[in-house]
file protein_6.cif (mmCIF, N, CA and C atoms)
data_query
#
loop_
_atom_site.label_atom_id
_atom_site.label_comp_id
_atom_site.auth_asym_id
_atom_site.auth_seq_id
_atom_site.Cartn_x
_atom_site.Cartn_y
_atom_site.Cartn_z
N MET R 12 0.84 -1.16 0.00
CA MET R 12 0.00 0.00 0.00
C MET R 12 0.89 1.24 0.00
N GLY R 13 0.85 1.98 -1.08
CA GLY R 13 1.63 3.19 -1.10
C GLY R 13 1.91 3.67 -2.51
N ARG R 14 2.77 4.67 -2.57
CA ARG R 14 3.17 5.29 -3.84
C ARG R 14 4.61 4.88 -4.15
N HIS R 15 4.85 4.51 -5.40
CA HIS R 15 6.18 4.11 -5.85
C HIS R 15 6.57 5.04 -7.00
N LEU R 16 7.53 5.90 -6.73
CA LEU R 16 8.06 6.83 -7.73
C LEU R 16 9.32 6.20 -8.32
N ILE R 17 9.34 6.05 -9.63
CA ILE R 17 10.47 5.44 -10.33
C ILE R 17 11.08 6.50 -11.24
N ALA R 18 12.38 6.75 -11.07
CA ALA R 18 13.08 7.75 -11.87
C ALA R 18 14.24 7.11 -12.60
N ASP R 19 14.29 7.31 -13.92
CA ASP R 19 15.41 6.87 -14.74
C ASP R 19 16.10 8.12 -15.26
N GLY R 20 17.36 8.30 -14.85
CA GLY R 20 18.11 9.48 -15.25
C GLY R 20 19.17 9.14 -16.28
N TYR R 21 19.11 9.81 -17.44
CA TYR R 21 20.05 9.59 -18.54
C TYR R 21 20.90 10.84 -18.75
N GLY R 22 22.12 10.65 -19.21
CA GLY R 22 22.99 11.79 -19.48
C GLY R 22 23.53 12.43 -18.22
N VAL R 23 23.73 11.62 -17.17
CA VAL R 23 24.26 12.13 -15.90
C VAL R 23 25.79 12.07 -15.95
N GLU R 24 26.44 13.14 -15.47
CA GLU R 24 27.91 13.16 -15.43
C GLU R 24 28.43 11.99 -14.59
N ARG R 25 29.47 11.36 -15.08
CA ARG R 25 30.07 10.21 -14.40
C ARG R 25 30.44 10.54 -12.95
N LYS R 26 30.97 11.73 -12.72
CA LYS R 26 31.40 12.12 -11.37
C LYS R 26 30.24 12.05 -10.37
N LYS R 27 29.05 12.46 -10.81
CA LYS R 27 27.89 12.43 -9.92
C LYS R 27 27.46 11.00 -9.60
N LEU R 28 27.79 10.06 -10.47
CA LEU R 28 27.40 8.67 -10.29
C LEU R 28 28.43 7.84 -9.53
N THR R 29 29.58 8.46 -9.23
CA THR R 29 30.66 7.72 -8.56
C THR R 29 31.15 8.39 -7.28
N ASP R 30 30.52 9.48 -6.88
CA ASP R 30 30.93 10.19 -5.66
C ASP R 30 30.16 9.63 -4.47
N LYS R 31 30.77 8.70 -3.76
CA LYS R 31 30.09 7.98 -2.67
C LYS R 31 29.56 8.92 -1.59
N LYS R 32 30.34 9.91 -1.21
CA LYS R 32 29.89 10.84 -0.16
C LYS R 32 28.67 11.63 -0.61
N SER R 33 28.70 12.09 -1.84
CA SER R 33 27.58 12.84 -2.37
C SER R 33 26.33 11.96 -2.48
N LEU R 34 26.50 10.73 -2.94
CA LEU R 34 25.38 9.80 -3.05
C LEU R 34 24.79 9.49 -1.67
N SER R 35 25.64 9.41 -0.65
CA SER R 35 25.15 9.21 0.72
C SER R 35 24.33 10.41 1.18
N ARG R 36 24.78 11.62 0.82
CA ARG R 36 24.03 12.83 1.19
C ARG R 36 22.65 12.85 0.53
N LEU R 37 22.58 12.33 -0.70
CA LEU R 37 21.28 12.23 -1.36
C LEU R 37 20.32 11.43 -0.51
N LEU R 38 20.79 10.30 0.02
CA LEU R 38 19.93 9.43 0.83
C LEU R 38 19.65 10.00 2.21
N GLU R 39 20.42 10.98 2.64
CA GLU R 39 20.15 11.67 3.90
C GLU R 39 19.19 12.85 3.68
N ASN R 40 19.36 13.55 2.57
CA ASN R 40 18.62 14.79 2.35
C ASN R 40 17.27 14.62 1.67
N LEU R 41 17.16 13.69 0.74
CA LEU R 41 15.88 13.51 0.04
C LEU R 41 14.75 13.15 1.02
N PRO R 42 14.98 12.23 1.96
CA PRO R 42 13.90 11.97 2.93
C PRO R 42 13.48 13.22 3.72
N LYS R 43 14.45 14.03 4.09
CA LYS R 43 14.13 15.27 4.81
C LYS R 43 13.25 16.19 3.96
N GLN R 44 13.59 16.29 2.68
CA GLN R 44 12.80 17.12 1.77
C GLN R 44 11.36 16.64 1.69
N LEU R 45 11.16 15.33 1.83
CA LEU R 45 9.84 14.73 1.69
C LEU R 45 9.15 14.49 3.03
N LYS R 46 9.78 15.01 4.11
CA LYS R 46 9.25 14.86 5.47
C LYS R 46 9.08 13.39 5.87
N MET R 47 10.10 12.60 5.50
CA MET R 47 10.15 11.18 5.87
C MET R 47 11.24 10.99 6.91
N ARG R 48 11.11 9.92 7.69
CA ARG R 48 12.03 9.69 8.80
C ARG R 48 12.93 8.49 8.55
N ILE R 49 14.23 8.72 8.67
CA ILE R 49 15.24 7.69 8.46
C ILE R 49 15.32 6.79 9.69
N LEU R 50 15.23 5.47 9.47
CA LEU R 50 15.35 4.51 10.56
C LEU R 50 16.77 3.99 10.74
N ARG R 51 17.50 3.84 9.66
CA ARG R 51 18.88 3.35 9.69
C ARG R 51 19.73 4.22 8.78
N LYS R 52 20.98 4.38 9.15
CA LYS R 52 21.91 5.17 8.36
C LYS R 52 21.95 4.63 6.92
N PRO R 53 21.96 5.53 5.93
CA PRO R 53 22.02 5.09 4.54
C PRO R 53 23.26 4.23 4.26
N VAL R 54 23.10 3.30 3.35
CA VAL R 54 24.20 2.44 2.91
C VAL R 54 24.44 2.71 1.43
N VAL R 55 25.70 2.97 1.08
CA VAL R 55 26.09 3.13 -0.32
C VAL R 55 27.31 2.25 -0.54
N ALA R 56 27.24 1.39 -1.55
CA ALA R 56 28.32 0.45 -1.81
C ALA R 56 28.72 0.47 -3.27
N LYS R 57 30.02 0.32 -3.50
CA LYS R 57 30.56 0.18 -4.85
C LYS R 57 30.29 -1.26 -5.29
N ILE R 58 29.74 -1.42 -6.47
CA ILE R 58 29.33 -2.74 -6.94
C ILE R 58 30.12 -3.11 -8.19
N SER R 59 30.72 -4.29 -8.16
CA SER R 59 31.34 -4.87 -9.35
C SER R 59 31.49 -6.36 -9.10
N SER R 60 31.63 -7.12 -10.17
CA SER R 60 31.80 -8.56 -10.03
C SER R 60 32.46 -9.12 -11.28
N ASP R 61 32.82 -10.38 -11.21
CA ASP R 61 33.41 -11.05 -12.38
C ASP R 61 32.39 -11.17 -13.51
N HIS R 62 31.11 -11.23 -13.15
CA HIS R 62 30.05 -11.40 -14.15
C HIS R 62 29.62 -10.09 -14.77
N TYR R 63 29.92 -8.99 -14.11
CA TYR R 63 29.54 -7.69 -14.63
C TYR R 63 30.76 -6.78 -14.51
N PRO R 64 31.44 -6.53 -15.61
CA PRO R 64 32.73 -5.83 -15.55
C PRO R 64 32.66 -4.35 -15.19
N HIS R 65 31.50 -3.74 -15.33
CA HIS R 65 31.38 -2.32 -15.03
C HIS R 65 31.19 -2.11 -13.53
N THR R 66 31.60 -0.94 -13.07
CA THR R 66 31.49 -0.62 -11.65
C THR R 66 30.50 0.52 -11.48
N GLY R 67 29.59 0.32 -10.56
CA GLY R 67 28.62 1.36 -10.23
C GLY R 67 28.42 1.39 -8.73
N TYR R 68 27.47 2.17 -8.30
CA TYR R 68 27.15 2.26 -6.88
C TYR R 68 25.67 1.94 -6.68
N SER R 69 25.38 1.31 -5.57
CA SER R 69 24.01 1.06 -5.16
C SER R 69 23.85 1.66 -3.77
N GLY R 70 22.68 2.23 -3.52
CA GLY R 70 22.42 2.83 -2.23
C GLY R 70 21.00 2.57 -1.78
N PHE R 71 20.84 2.57 -0.46
CA PHE R 71 19.55 2.24 0.13
C PHE R 71 19.43 2.92 1.48
N VAL R 72 18.24 3.43 1.77
CA VAL R 72 17.96 3.95 3.10
C VAL R 72 16.57 3.46 3.52
N ILE R 73 16.52 2.89 4.71
CA ILE R 73 15.25 2.41 5.25
C ILE R 73 14.58 3.57 5.98
N LEU R 74 13.33 3.79 5.66
CA LEU R 74 12.55 4.87 6.25
C LEU R 74 11.41 4.30 7.06
N LEU R 75 10.95 5.05 8.02
CA LEU R 75 9.74 4.65 8.74
C LEU R 75 8.60 4.48 7.73
N GLU R 76 8.63 5.29 6.69
CA GLU R 76 7.59 5.27 5.67
C GLU R 76 7.87 4.29 4.53
N SER R 77 9.00 3.65 4.47
CA SER R 77 9.38 2.59 3.52
C SER R 77 10.86 2.71 3.12
N HIS R 78 11.18 3.14 1.86
CA HIS R 78 12.60 3.20 1.48
C HIS R 78 12.84 4.09 0.25
N ILE R 79 14.13 4.43 0.08
CA ILE R 79 14.62 5.07 -1.13
C ILE R 79 15.85 4.28 -1.54
N SER R 80 15.96 3.98 -2.84
CA SER R 80 17.13 3.23 -3.31
C SER R 80 17.56 3.76 -4.68
N PHE R 81 18.82 3.47 -5.03
CA PHE R 81 19.31 3.83 -6.36
C PHE R 81 20.39 2.84 -6.79
N HIS R 82 20.62 2.81 -8.09
CA HIS R 82 21.70 2.04 -8.69
C HIS R 82 22.27 2.90 -9.82
N THR R 83 23.60 3.00 -9.89
CA THR R 83 24.22 3.83 -10.94
C THR R 83 24.99 2.95 -11.92
N TRP R 84 25.01 3.40 -13.16
CA TRP R 84 25.80 2.80 -14.23
C TRP R 84 26.63 3.94 -14.84
N PRO R 85 27.79 4.25 -14.26
CA PRO R 85 28.59 5.38 -14.74
C PRO R 85 28.99 5.28 -16.22
N GLU R 86 29.28 4.06 -16.70
CA GLU R 86 29.68 3.89 -18.09
C GLU R 86 28.55 4.26 -19.05
N GLU R 87 27.33 4.17 -18.56
CA GLU R 87 26.15 4.49 -19.38
C GLU R 87 25.59 5.87 -19.04
N ASN R 88 26.20 6.55 -18.06
CA ASN R 88 25.71 7.86 -17.60
C ASN R 88 24.24 7.77 -17.18
N TYR R 89 23.93 6.70 -16.43
CA TYR R 89 22.55 6.37 -16.08
C TYR R 89 22.40 6.08 -14.59
N VAL R 90 21.26 6.49 -14.04
CA VAL R 90 20.90 6.16 -12.67
C VAL R 90 19.44 5.72 -12.63
N ALA R 91 19.17 4.69 -11.83
CA ALA R 91 17.80 4.25 -11.57
C ALA R 91 17.54 4.53 -10.09
N LEU R 92 16.46 5.22 -9.79
CA LEU R 92 16.16 5.59 -8.42
C LEU R 92 14.69 5.32 -8.12
N ASP R 93 14.43 4.78 -6.92
CA ASP R 93 13.07 4.49 -6.47
C ASP R 93 12.80 5.18 -5.14
N VAL R 94 11.62 5.74 -5.03
CA VAL R 94 11.10 6.22 -3.75
C VAL R 94 9.80 5.47 -3.54
N TYR R 95 9.76 4.67 -2.49
CA TYR R 95 8.52 3.95 -2.18
C TYR R 95 8.10 4.37 -0.77
N SER R 96 6.82 4.73 -0.63
CA SER R 96 6.34 5.18 0.66
C SER R 96 4.88 4.81 0.87
N CYS R 97 4.59 4.34 2.07
CA CYS R 97 3.20 4.09 2.45
C CYS R 97 2.52 5.40 2.84
N LYS R 98 3.34 6.47 2.99
CA LYS R 98 2.83 7.81 3.29
C LYS R 98 2.82 8.60 1.99
N ASP R 99 1.75 9.34 1.73
CA ASP R 99 1.71 10.16 0.53
C ASP R 99 2.82 11.21 0.63
N PHE R 100 3.40 11.57 -0.50
CA PHE R 100 4.46 12.57 -0.52
C PHE R 100 4.34 13.43 -1.76
N ASP R 101 5.01 14.55 -1.75
CA ASP R 101 4.98 15.51 -2.85
C ASP R 101 5.91 15.02 -3.96
N GLU R 102 5.32 14.40 -4.96
CA GLU R 102 6.11 13.85 -6.08
C GLU R 102 6.87 14.94 -6.82
N LYS R 103 6.23 16.08 -7.04
CA LYS R 103 6.89 17.16 -7.78
C LYS R 103 8.15 17.62 -7.05
N LYS R 104 8.08 17.70 -5.73
CA LYS R 104 9.24 18.09 -4.93
C LYS R 104 10.34 17.04 -5.07
N ALA R 105 9.97 15.77 -5.02
CA ALA R 105 10.95 14.69 -5.17
C ALA R 105 11.62 14.76 -6.54
N VAL R 106 10.84 14.95 -7.58
CA VAL R 106 11.38 15.00 -8.94
C VAL R 106 12.31 16.20 -9.09
N ARG R 107 11.93 17.36 -8.56
CA ARG R 107 12.80 18.54 -8.64
C ARG R 107 14.14 18.27 -7.95
N TYR R 108 14.08 17.66 -6.77
CA TYR R 108 15.31 17.38 -6.03
C TYR R 108 16.20 16.40 -6.79
N ILE R 109 15.62 15.34 -7.30
CA ILE R 109 16.37 14.32 -8.05
C ILE R 109 16.98 14.94 -9.30
N LYS R 110 16.20 15.72 -10.01
CA LYS R 110 16.69 16.36 -11.24
C LYS R 110 17.85 17.30 -10.95
N LYS R 111 17.70 18.11 -9.92
CA LYS R 111 18.77 19.05 -9.56
C LYS R 111 20.01 18.30 -9.08
N PHE R 112 19.83 17.28 -8.25
CA PHE R 112 20.97 16.53 -7.71
C PHE R 112 21.79 15.88 -8.82
N PHE R 113 21.15 15.17 -9.72
CA PHE R 113 21.87 14.43 -10.76
C PHE R 113 22.14 15.26 -12.01
N GLY R 114 21.37 16.32 -12.24
CA GLY R 114 21.56 17.11 -13.45
C GLY R 114 21.37 16.29 -14.71
N ALA R 115 20.44 15.34 -14.67
CA ALA R 115 20.20 14.46 -15.80
C ALA R 115 19.71 15.24 -17.02
N LYS R 116 20.24 14.90 -18.19
CA LYS R 116 19.78 15.53 -19.42
C LYS R 116 18.37 15.07 -19.76
N ASN R 117 18.05 13.85 -19.37
CA ASN R 117 16.71 13.31 -19.60
C ASN R 117 16.31 12.52 -18.36
N LEU R 118 15.17 12.84 -17.80
CA LEU R 118 14.68 12.17 -16.60
C LEU R 118 13.29 11.62 -16.90
N LYS R 119 13.18 10.29 -16.91
CA LYS R 119 11.88 9.65 -17.14
C LYS R 119 11.31 9.26 -15.78
N ILE R 120 10.06 9.63 -15.56
CA ILE R 120 9.40 9.40 -14.28
C ILE R 120 8.16 8.55 -14.49
N LYS R 121 7.99 7.61 -13.56
CA LYS R 121 6.77 6.82 -13.54
C LYS R 121 6.32 6.76 -12.08
N SER R 122 5.02 6.90 -11.88
CA SER R 122 4.46 6.83 -10.54
C SER R 122 3.39 5.75 -10.52
N ILE R 123 3.48 4.87 -9.54
CA ILE R 123 2.56 3.76 -9.43
C ILE R 123 1.94 3.77 -8.04
N ILE R 124 0.64 3.59 -7.97
CA ILE R 124 -0.01 3.40 -6.68
C ILE R 124 -0.04 1.91 -6.44
N ARG R 125 0.54 1.47 -5.32
CA ARG R 125 0.65 0.05 -5.00
C ARG R 125 -0.43 -0.35 -4.01
N GLY R 126 -0.88 -1.57 -4.12
CA GLY R 126 -1.81 -2.12 -3.14
C GLY R 126 -3.25 -2.06 -3.57
#
call {"tool": "encode", "arguments": {"input": "protein_6.cif", "output": "structure tokens"}}
result
Amino acid sequence: MGRHLIADGYGVERKKLTDKKSLSRLLENLPKQLKMRILRKPVVAKISSDHYPHTGYSGFVILLESHISFHTWPEENYVALDVYSCKDFDEKKAVRYIKKFFGAKNLKIKSIIRG
């Protein structure tokens, strides 16, 4: 039961997709912008494996209201980000923040009501 905001960001500068400290701040600040409460400190990890030669970052923050997560593909200048919340939130505010943070040349948004 809730709202699931899905954002696909294309044309994002590689530096924005690989700056771990900045990506952690995103997971600290976006919930505040949406008046959501963080339950656990955000986690951001560098991801690579033998099966996938490219390196990106994945991040997640658990909220009282649900979660925010992202995955980056620096080689593709792409980020996938989800905001899921059982509490209604201002989607336009979330989209503005995400767009400004990543500076994506193209940002595709989908919103789904779950439940």
call {"tool": "closest_residue", "arguments": {"input": "protein_6.cif", "among": "R:Leu28, R:Asn88, R:Leu41, R:Gly22", "to": "Tyr108 of chain R", "atoms": "all atoms listed in the file"}}
result
R:Leu41
call {"tool": "atom_distance", "arguments": {"input": "protein_6.cif", "atom1": "atom C of Tyr68 of chain R", "atom2": "atom N of Glu102 of chain R"}}
result
23.9 Å
call {"tool": "atom_distance", "arguments": {"input": "protein_6.cif", "atom1": "atom CA of Lys104 of chain R", "atom2": "atom C of Leu45 of chain R"}}
result
8.7 Å
call {"tool": "residues_around", "arguments": {"input": "protein_6.cif", "residues": "Gly114 of chain R", "least_positions_apart": "4", "cutoff": "6.5 Å", "atoms": "only N, CA and C atoms", "output": "list in words"}}
result
Gly22, Val23, Glu24, Ile109 and Lys110 of chain R
call {"tool": "closest_atom_pairs", "arguments": {"input": "protein_6.cif", "of": "segment 58-104 of chain R", "to": "segment 13-18 of chain R", "cutoff": "5 Å", "atoms": "only N, CA and C atoms", "output": "JSON lines"}}
result
{"residue": "R:Ala91", "atom": "CA", "partner": "R:Ala18", "partner_atom": "C", "distance": 4.7}
{"residue": "R:Leu92", "atom": "C", "partner": "R:Ala18", "partner_atom": "N", "distance": 4.0}
{"residue": "R:Asp93", "atom": "CA", "partner": "R:Leu16", "partner_atom": "C", "distance": 4.5}
{"residue": "R:Val94", "atom": "C", "partner": "R:Leu16", "partner_atom": "N", "distance": 3.9}
{"residue": "R:Tyr95", "atom": "CA", "partner": "R:His15", "partner_atom": "CA", "distance": 4.4}
{"residue": "R:Ser96", "atom": "C", "partner": "R:Arg14", "partner_atom": "N", "distance": 4.0}
{"residue": "R:Cys97", "atom": "CA", "partner": "R:Gly13", "partner_atom": "CA", "distance": 4.0}
call {"tool": "write_last_selection", "arguments": {"input": "protein_6.cif", "atoms": "N, CA and C atoms", "output": "mmCIF file, in the frame of the given file"}}
result
data_model
loop_
_atom_site.group_PDB
_atom_site.id
_atom_site.type_symbol
_atom_site.label_atom_id
_atom_site.label_comp_id
_atom_site.auth_asym_id
_atom_site.auth_seq_id
_atom_site.Cartn_x
_atom_site.Cartn_y
_atom_site.Cartn_z
ATOM 1 N N ALA R 91 19.170 4.690 -11.830
ATOM 2 C CA ALA R 91 17.800 4.250 -11.570
ATOM 3 C C ALA R 91 17.540 4.530 -10.090
ATOM 4 N N LEU R 92 16.460 5.220 -9.790
ATOM 5 C CA LEU R 92 16.160 5.590 -8.420
ATOM 6 C C LEU R 92 14.690 5.320 -8.120
ATOM 7 N N ASP R 93 14.430 4.780 -6.920
ATOM 8 C CA ASP R 93 13.070 4.490 -6.470
ATOM 9 C C ASP R 93 12.800 5.180 -5.140
ATOM 10 N N VAL R 94 11.620 5.740 -5.030
ATOM 11 C CA VAL R 94 11.100 6.220 -3.750
ATOM 12 C C VAL R 94 9.800 5.470 -3.540
ATOM 13 N N TYR R 95 9.760 4.670 -2.490
ATOM 14 C CA TYR R 95 8.520 3.950 -2.180
ATOM 15 C C TYR R 95 8.100 4.370 -0.770
ATOM 16 N N SER R 96 6.820 4.730 -0.630
ATOM 17 C CA SER R 96 6.340 5.180 0.660
ATOM 18 C C SER R 96 4.880 4.810 0.870
ATOM 19 N N CYS R 97 4.590 4.340 2.070
ATOM 20 C CA CYS R 97 3.200 4.090 2.450
ATOM 21 C C CYS R 97 2.520 5.400 2.840
#
call {"tool": "resolve_selection", "arguments": {"input": "protein_6.cif", "expression": "the PyMOL selection byres ((chain R and resi 56) around 8)", "output": "list in words"}}
result
Lys31, Pro53, Val54, Val55, Lys57, Ile58, Ser59, Gly67, Tyr68, Ser69, Gly70 and Phe71 of chain R
call {"tool": "atom_distance", "arguments": {"input": "protein_6.cif", "atom1": "atom N of Thr29 of chain R", "atom2": "atom N of Arg51 of chain R"}}
result
22.9 Å
call {"tool": "closest_residue", "arguments": {"input": "protein_6.cif", "among": "R:Lys111, R:Lys52, R:His65, R:His82", "to": "Glu39 of chain R", "atoms": "only N, CA and C atoms"}}
result
R:Lys52
call {"tool": "closest_residue", "arguments": {"input": "protein_6.cif", "among": "R:Arg25, R:Pro64, R:Met12, R:Lys46", "to": "Phe100 of chain R", "atoms": "all atoms listed in the file"}}
result
R:Lys46
call {"tool": "closest_residue", "arguments": {"input": "protein_6.cif", "among": "R:Lys116, R:Pro85, R:Arg125, R:His62", "to": "Lys27 of chain R", "atoms": "all atoms listed in the file"}}
result
R:Pro85
call {"tool": "select_by_dssp", "arguments": {"input": "protein_6.cif", "residues": "chain R", "states": "alpha helix (DSSP H)", "output": "mmCIF file with N, CA and C atoms, keeping the file's coordinate frame"}}
result
data_model
loop_
_atom_site.group_PDB
_atom_site.id
_atom_site.type_symbol
_atom_site.label_atom_id
_atom_site.label_comp_id
_atom_site.auth_asym_id
_atom_site.auth_seq_id
_atom_site.Cartn_x
_atom_site.Cartn_y
_atom_site.Cartn_z
ATOM 1 N N ARG R 25 29.470 11.360 -15.080
ATOM 2 C CA ARG R 25 30.070 10.210 -14.400
ATOM 3 C C ARG R 25 30.440 10.540 -12.950
ATOM 4 N N LYS R 26 30.970 11.730 -12.720
ATOM 5 C CA LYS R 26 31.400 12.120 -11.370
ATOM 6 C C LYS R 26 30.240 12.050 -10.370
ATOM 7 N N LYS R 27 29.050 12.460 -10.810
ATOM 8 C CA LYS R 27 27.890 12.430 -9.920
ATOM 9 C C LYS R 27 27.460 11.000 -9.600
ATOM 10 N N LEU R 28 27.790 10.060 -10.470
ATOM 11 C CA LEU R 28 27.400 8.670 -10.290
ATOM 12 C C LEU R 28 28.430 7.840 -9.530
ATOM 13 N N THR R 29 29.580 8.460 -9.230
ATOM 14 C CA THR R 29 30.660 7.720 -8.560
ATOM 15 C C THR R 29 31.150 8.390 -7.280
ATOM 16 N N LYS R 31 30.770 8.700 -3.760
ATOM 17 C CA LYS R 31 30.090 7.980 -2.670
ATOM 18 C C LYS R 31 29.560 8.920 -1.590
ATOM 19 N N LYS R 32 30.340 9.910 -1.210
ATOM 20 C CA LYS R 32 29.890 10.840 -0.160
ATOM 21 C C LYS R 32 28.670 11.630 -0.610
ATOM 22 N N SER R 33 28.700 12.090 -1.840
ATOM 23 C CA SER R 33 27.580 12.840 -2.370
ATOM 24 C C SER R 33 26.330 11.960 -2.480
ATOM 25 N N LEU R 34 26.500 10.730 -2.940
ATOM 26 C CA LEU R 34 25.380 9.800 -3.050
ATOM 27 C C LEU R 34 24.790 9.490 -1.670
ATOM 28 N N SER R 35 25.640 9.410 -0.650
ATOM 29 C CA SER R 35 25.150 9.210 0.720
ATOM 30 C C SER R 35 24.330 10.410 1.180
ATOM 31 N N ARG R 36 24.780 11.620 0.820
ATOM 32 C CA ARG R 36 24.030 12.830 1.190
ATOM 33 C C ARG R 36 22.650 12.850 0.530
ATOM 34 N N LEU R 37 22.580 12.330 -0.700
ATOM 35 C CA LEU R 37 21.280 12.230 -1.360
ATOM 36 C C LEU R 37 20.320 11.430 -0.510
ATOM 37 N N LEU R 38 20.790 10.300 0.020
ATOM 38 C CA LEU R 38 19.930 9.430 0.830
ATOM 39 C C LEU R 38 19.650 10.000 2.210
ATOM 40 N N GLU R 39 20.420 10.980 2.640
ATOM 41 C CA GLU R 39 20.150 11.670 3.900
ATOM 42 C C GLU R 39 19.190 12.850 3.680
ATOM 43 N N ASN R 40 19.360 13.550 2.570
ATOM 44 C CA ASN R 40 18.620 14.790 2.350
ATOM 45 C C ASN R 40 17.270 14.620 1.670
ATOM 46 N N LEU R 41 17.160 13.690 0.740
ATOM 47 C CA LEU R 41 15.880 13.510 0.040
ATOM 48 C C LEU R 41 14.750 13.150 1.020
ATOM 49 N N PRO R 42 14.980 12.230 1.960
ATOM 50 C CA PRO R 42 13.900 11.970 2.930
ATOM 51 C C PRO R 42 13.480 13.220 3.720
ATOM 52 N N LYS R 43 14.450 14.030 4.090
ATOM 53 C CA LYS R 43 14.130 15.270 4.810
ATOM 54 C C LYS R 43 13.250 16.190 3.960
ATOM 55 N N GLN R 44 13.590 16.290 2.680
ATOM 56 C CA GLN R 44 12.800 17.120 1.770
ATOM 57 C C GLN R 44 11.360 16.640 1.690
ATOM 58 N N GLU R 102 5.320 14.400 -4.960
ATOM 59 C CA GLU R 102 6.110 13.850 -6.080
ATOM 60 C C GLU R 102 6.870 14.940 -6.820
ATOM 61 N N LYS R 103 6.230 16.080 -7.040
ATOM 62 C CA LYS R 103 6.890 17.160 -7.780
ATOM 63 C C LYS R 103 8.150 17.620 -7.050
ATOM 64 N N LYS R 104 8.080 17.700 -5.730
ATOM 65 C CA LYS R 104 9.240 18.090 -4.930
ATOM 66 C C LYS R 104 10.340 17.040 -5.070
ATOM 67 N N ALA R 105 9.970 15.770 -5.020
ATOM 68 C CA ALA R 105 10.950 14.690 -5.170
ATOM 69 C C ALA R 105 11.620 14.760 -6.540
ATOM 70 N N VAL R 106 10.840 14.950 -7.580
ATOM 71 C CA VAL R 106 11.380 15.000 -8.940
ATOM 72 C C VAL R 106 12.310 16.200 -9.090
ATOM 73 N N ARG R 107 11.930 17.360 -8.560
ATOM 74 C CA ARG R 107 12.800 18.540 -8.640
ATOM 75 C C ARG R 107 14.140 18.270 -7.950
ATOM 76 N N TYR R 108 14.080 17.660 -6.770
ATOM 77 C CA TYR R 108 15.310 17.380 -6.030
ATOM 78 C C TYR R 108 16.200 16.400 -6.790
ATOM 79 N N ILE R 109 15.620 15.340 -7.300
ATOM 80 C CA ILE R 109 16.370 14.320 -8.050
ATOM 81 C C ILE R 109 16.980 14.940 -9.300
ATOM 82 N N LYS R 110 16.200 15.720 -10.010
ATOM 83 C CA LYS R 110 16.690 16.360 -11.240
ATOM 84 C C LYS R 110 17.850 17.300 -10.950
ATOM 85 N N LYS R 111 17.700 18.110 -9.920
ATOM 86 C CA LYS R 111 18.770 19.050 -9.560
ATOM 87 C C LYS R 111 20.010 18.300 -9.080
ATOM 88 N N PHE R 112 19.830 17.280 -8.250
ATOM 89 C CA PHE R 112 20.970 16.530 -7.710
ATOM 90 C C PHE R 112 21.790 15.880 -8.820
ATOM 91 N N PHE R 113 21.150 15.170 -9.720
ATOM 92 C CA PHE R 113 21.870 14.430 -10.760
ATOM 93 C C PHE R 113 22.140 15.260 -12.010
#
call {"tool": "closest_residue", "arguments": {"input": "protein_6.cif", "among": "R:Leu50, R:Tyr21, R:Arg36, R:Glu76", "to": "Lys98 of chain R", "atoms": "only N, CA and C atoms"}}
result
R:Glu76
call {"tool": "closest_residue", "arguments": {"input": "protein_6.cif", "among": "R:Ile49, R:Asp101, R:Asn40, R:Asp19", "to": "Lys121 of chain R", "atoms": "only N, CA and C atoms"}}
result
R:Asp19
call {"tool": "select_by_dssp", "arguments": {"input": "protein_6.cif", "residues": "segment 38-98 of chain R", "states": "strand (DSSP E)", "output": "list in words"}}
result
Val54, Val55, Ala56, Lys57, Ile58, Gly67, Tyr68, Ser69, Gly70, Phe71, Val72, Ile73, Leu74, Ser77, His78, Ile79, Ser80, Phe81, His82, Thr83, Trp84, Tyr89, Val90, Ala91, Leu92, Asp93, Val94, Tyr95 and Ser96 of chain R
call {"tool": "residues_near_point", "arguments": {"input": "protein_6.cif", "point": "(13.7, 14.3, -14.2)", "cutoff": "6.5 Å", "atoms": "all atoms listed in the file", "output": "PyMOL selection string"}}
result
chain R and resi 106+109-110+117-120
call {"tool": "build_atoms", "arguments": {"input": "protein_6.cif", "residues": "segment 103-109 of chain R", "atoms": "N, CA, C and O atoms", "output": "PDB file, keeping the file's coordinate frame"}}
result
ATOM      1  N   LYS R 103       6.230  16.080  -7.040  1.00  0.00           N
ATOM      2  CA  LYS R 103       6.890  17.160  -7.780  1.00  0.00           C
ATOM      3  C   LYS R 103       8.150  17.620  -7.050  1.00  0.00           C
ATOM      4  O   LYS R 103       9.178  17.886  -7.677  1.00  0.00           O
ATOM      5  N   LYS R 104       8.080  17.700  -5.730  1.00  0.00           N
ATOM      6  CA  LYS R 104       9.240  18.090  -4.930  1.00  0.00           C
ATOM      7  C   LYS R 104      10.340  17.040  -5.070  1.00  0.00           C
ATOM      8  O   LYS R 104      11.509  17.379  -5.222  1.00  0.00           O
ATOM      9  N   ALA R 105       9.970  15.770  -5.020  1.00  0.00           N
ATOM     10  CA  ALA R 105      10.950  14.690  -5.170  1.00  0.00           C
ATOM     11  C   ALA R 105      11.620  14.760  -6.540  1.00  0.00           C
ATOM     12  O   ALA R 105      12.845  14.656  -6.639  1.00  0.00           O
ATOM     13  N   VAL R 106      10.840  14.950  -7.580  1.00  0.00           N
ATOM     14  CA  VAL R 106      11.380  15.000  -8.940  1.00  0.00           C
ATOM     15  C   VAL R 106      12.310  16.200  -9.090  1.00  0.00           C
ATOM     16  O   VAL R 106      13.400  16.080  -9.669  1.00  0.00           O
ATOM     17  N   ARG R 107      11.930  17.360  -8.560  1.00  0.00           N
ATOM     18  CA  ARG R 107      12.800  18.540  -8.640  1.00  0.00           C
ATOM     19  C   ARG R 107      14.140  18.270  -7.950  1.00  0.00           C
ATOM     20  O   ARG R 107      15.199  18.623  -8.470  1.00  0.00           O
ATOM     21  N   TYR R 108      14.080  17.660  -6.770  1.00  0.00           N
ATOM     22  CA  TYR R 108      15.310  17.380  -6.030  1.00  0.00           C
ATOM     23  C   TYR R 108      16.200  16.400  -6.790  1.00  0.00           C
ATOM     24  O   TYR R 108      17.402  16.621  -6.928  1.00  0.00           O
ATOM     25  N   ILE R 109      15.620  15.340  -7.300  1.00  0.00           N
ATOM     26  CA  ILE R 109      16.370  14.320  -8.050  1.00  0.00           C
ATOM     27  C   ILE R 109      16.980  14.940  -9.300  1.00  0.00           C
ATOM     28  O   ILE R 109      18.158  14.715  -9.610  1.00  0.00           O
TER      29      ILE R 109
END
